[in-house]
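Engineer: Pasting in a structure now, in structure tokens, and then I'll have a few things to ask.
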Amino acid sequence: MIKTIDAKGVYYRQLNDMVQQAVNEGAAKIVLKNVNGQRYIATRVSRPVDIEIKGVPGNDLGAYMNGSTVIVRDNGQDAIGNTMNAGKIVVHGHAGDVLGYAMRGGKLFIKGDVGYRVGIHMKEYEEQVPVLIIGGTAGSFLGEYMAGGVLIILGLDRKPGEPIAGDYLGTGMHGGVIFVRGEVDKTRLGKEVSVFELNEADNEKLDQHLREYCNDLGIDYDEVRKEKFVKLVPVSHRPYGNLYAHT
């Protein structure tokens with residue numbers, strides 16, 4: 001069953017109540033029309049469903065989400081996928097700051113550019129590995145304090161000379177991996193990470209994620225793969241250990 005909800009002029013709490021009611025009534029897919037800044041969409045959905053959003057959702061889209069699939073046909077705002085546990089969010093435009101904060105599972109795909117402090121505190125446990133892919137560029141502090149997971153940034157359609165990410169890339173990072181398409185300006189890196197070439201296992205992992213991303217967003221995979229990728233990994237698992245050690 002597909003349920004369509006018109007969100008025009010609807011307060012965010014009321015809209016989320018309407019979404020939950022549709023879930024309780026057995027909807028397999030929910031289409032939200034005329035969304036304009038309503039927060040917390042898909043946050044408290046009680047079982048996995050497909051949600052299609054036509055418009056721009058507000059902050060904390062999919063926060064704590066546990067298995068649903070959310071497709072945004074426009075831009076997104078801040079804190080998408082906050083502490084997300086499972087599922088997938090696909091944004092067909094740009095998105096804001098602090099995406100995937102403390103993300104511990106699931107997938108977050110952004111077609112365009114993102115803001116600051118994206119992917120901070122990402123973490124993983126055994127087979128539960130979060131994946132965050134950015135099609136455009138990112139602001140400063142990308143992957144800050146990252147403890148696990150996979151973060152991929154492509155820099156598609158950027159202007160000549162435009163950096164793929166801002167300053168302090170990977171600052172405080174102590175787990176996981178960041179794959180970067182193209183060259184990395186080492187002056188923008190946090191001191192906790194270094195740049196390495198990809199091995200066979202890296203390429204297999206990257207191919208798997210990129211094929212899914214390109215398929216979801218209608219992007220030419222072969223064109224994406226024409227450019228060389230490098231990886232950023234931490235060179236210490238306790239980057240600030242000495243600050244707190246008793247001497």
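If you're wondering about the labels, chains in the structure tokens are A, B, ... by order shown, residues count from 1 in each chain, ligands from 1 in order shown.
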Can you list, as a list in words, all residues belonging to region 112-171 of chain A that DSSP tags as strand (DSSP E or B)?
Structural biologist: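 Filtering region 112-171 of chain A to strand (DSSP E or B) leaves Tyr125, Gln128, Val131, Leu132, Ile133, Ile134, Ala138, Ala147, Gly148, Gly149, Val150, Leu151, Ile152, Ile153, Ala165 and Leu169 of chain A.
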Engineer: Which polymer residues have any atom within 6 Å of an atom of Ile2 (chain A), counting only C-alpha atoms, with same-chain residues fewer than 6 positions away left out, as a PDB file with N, CA and C atoms, in the first residue's frame?
Structural biologist:
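Okay, this is what ended up in around_9.pdb:
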```
ATOM      1  N   ALA A  27       1.208   0.782   5.575  1.00  0.00           N
ATOM      2  CA  ALA A  27       1.776   1.334   4.343  1.00  0.00           C
ATOM      3  C   ALA A  27       3.179   0.782   4.106  1.00  0.00           C
ATOM      4  N   LYS A  29       4.957   2.067   1.422  1.00  0.00           N
ATOM      5  CA  LYS A  29       5.648   3.257   0.932  1.00  0.00           C
ATOM      6  C   LYS A  29       4.823   4.487   1.285  1.00  0.00           C
ATOM      7  N   ILE A  30       5.527   5.540   1.687  1.00  0.00           N
ATOM      8  CA  ILE A  30       4.880   6.808   2.032  1.00  0.00           C
ATOM      9  C   ILE A  30       5.493   7.900   1.176  1.00  0.00           C
TER      10      ILE A  30
END
```
Engineer: Can you pull out every residue within 6 Å of Phe179 (chain A), counting only C-alpha atoms, but drop anything in the same chain fewer than 4 positions away, and send it as a PyMOL selection string?
Structural biologist: chain A and resi 152+230-231
Engineer: Output the selection as an mmCIF file, in the first residue's frame - N, CA and C atoms for each residue.
Structural biologist:
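Result file follows (out_29.cif):
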```cif
data_model
loop_
_atom_site.group_PDB
_atom_site.id
_atom_site.type_symbol
_atom_site.label_atom_id
_atom_site.label_comp_id
_atom_site.auth_asym_id
_atom_site.auth_seq_id
_atom_site.Cartn_x
_atom_site.Cartn_y
_atom_site.Cartn_z
ATOM 1 N N ILE A 152 33.299 8.370 1.641
ATOM 2 C CA ILE A 152 33.818 8.540 0.274
ATOM 3 C C ILE A 152 33.419 9.919 -0.231
ATOM 4 N N VAL A 230 42.572 7.807 -3.601
ATOM 5 C CA VAL A 230 43.514 7.513 -2.522
ATOM 6 C C VAL A 230 42.703 7.326 -1.244
ATOM 7 N N LYS A 231 43.346 6.845 -0.216
ATOM 8 C CA LYS A 231 42.639 6.659 1.055
ATOM 9 C C LYS A 231 43.369 7.385 2.178
#
```
Engineer: Would you compute the distance between CA of Gly148 (chain A) and CA of Leu169 (chain A)? Give it in Å to one decimal.
Structural biologist: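 Atom-to-atom, CA of Gly148 (chain A) to CA of Leu169 (chain A), that is 15.1 Å.
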Engineer: For Tyr168 (chain A), which of A:Ala42, A:Cys214, A:Ile120, A:Leu132 is the closest residue, counting only C-alpha atoms?
Structural biologist: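 Checking each of A:Ala42, A:Cys214, A:Ile120, A:Leu132 against Tyr168 (chain A), counting only C-alpha atoms, the winner is A:Ile120.
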Engineer: Which of these, A:Glu127, A:Asp60, A:Glu183, A:Asp113, has the shortest distance to Gly93 (chain A) once you count only C-alpha atoms?
Structural biologist: A:Asp113
Engineer: Please identify all polymer residues within 7 Å of Gly143 (chain A), counting only C-alpha atoms, omitting same-chain residues fewer than 3 positions from it, and present them as a VMD selection string.
Structural biologist: chain A and resid 117 to 120 146 169 to 170 173
Engineer: Find the spatial neighbours of Gln77 (chain A), counting only C-alpha atoms, within a cut-off of 7 Å - ignore same-chain residues fewer than 4 positions away - and output them as a ChimeraX atom specification.
Structural biologist: /A:57-59,95-96
Engineer: Restricting the output to C-alpha atoms, write the selected residues as a PDB file, in the first residue's frame.
Structural biologist:
```
ATOM      1  CA  PRO A  57      13.137  18.248   4.711  1.00  0.00           C
ATOM      2  CA  GLY A  58      14.359  19.975   7.862  1.00  0.00           C
ATOM      3  CA  ASN A  59      17.090  19.029  10.317  1.00  0.00           C
ATOM      4  CA  ALA A  95      22.910  18.937   2.025  1.00  0.00           C
ATOM      5  CA  GLY A  96      24.009  20.891   5.088  1.00  0.00           C
TER       6      GLY A  96
END
```
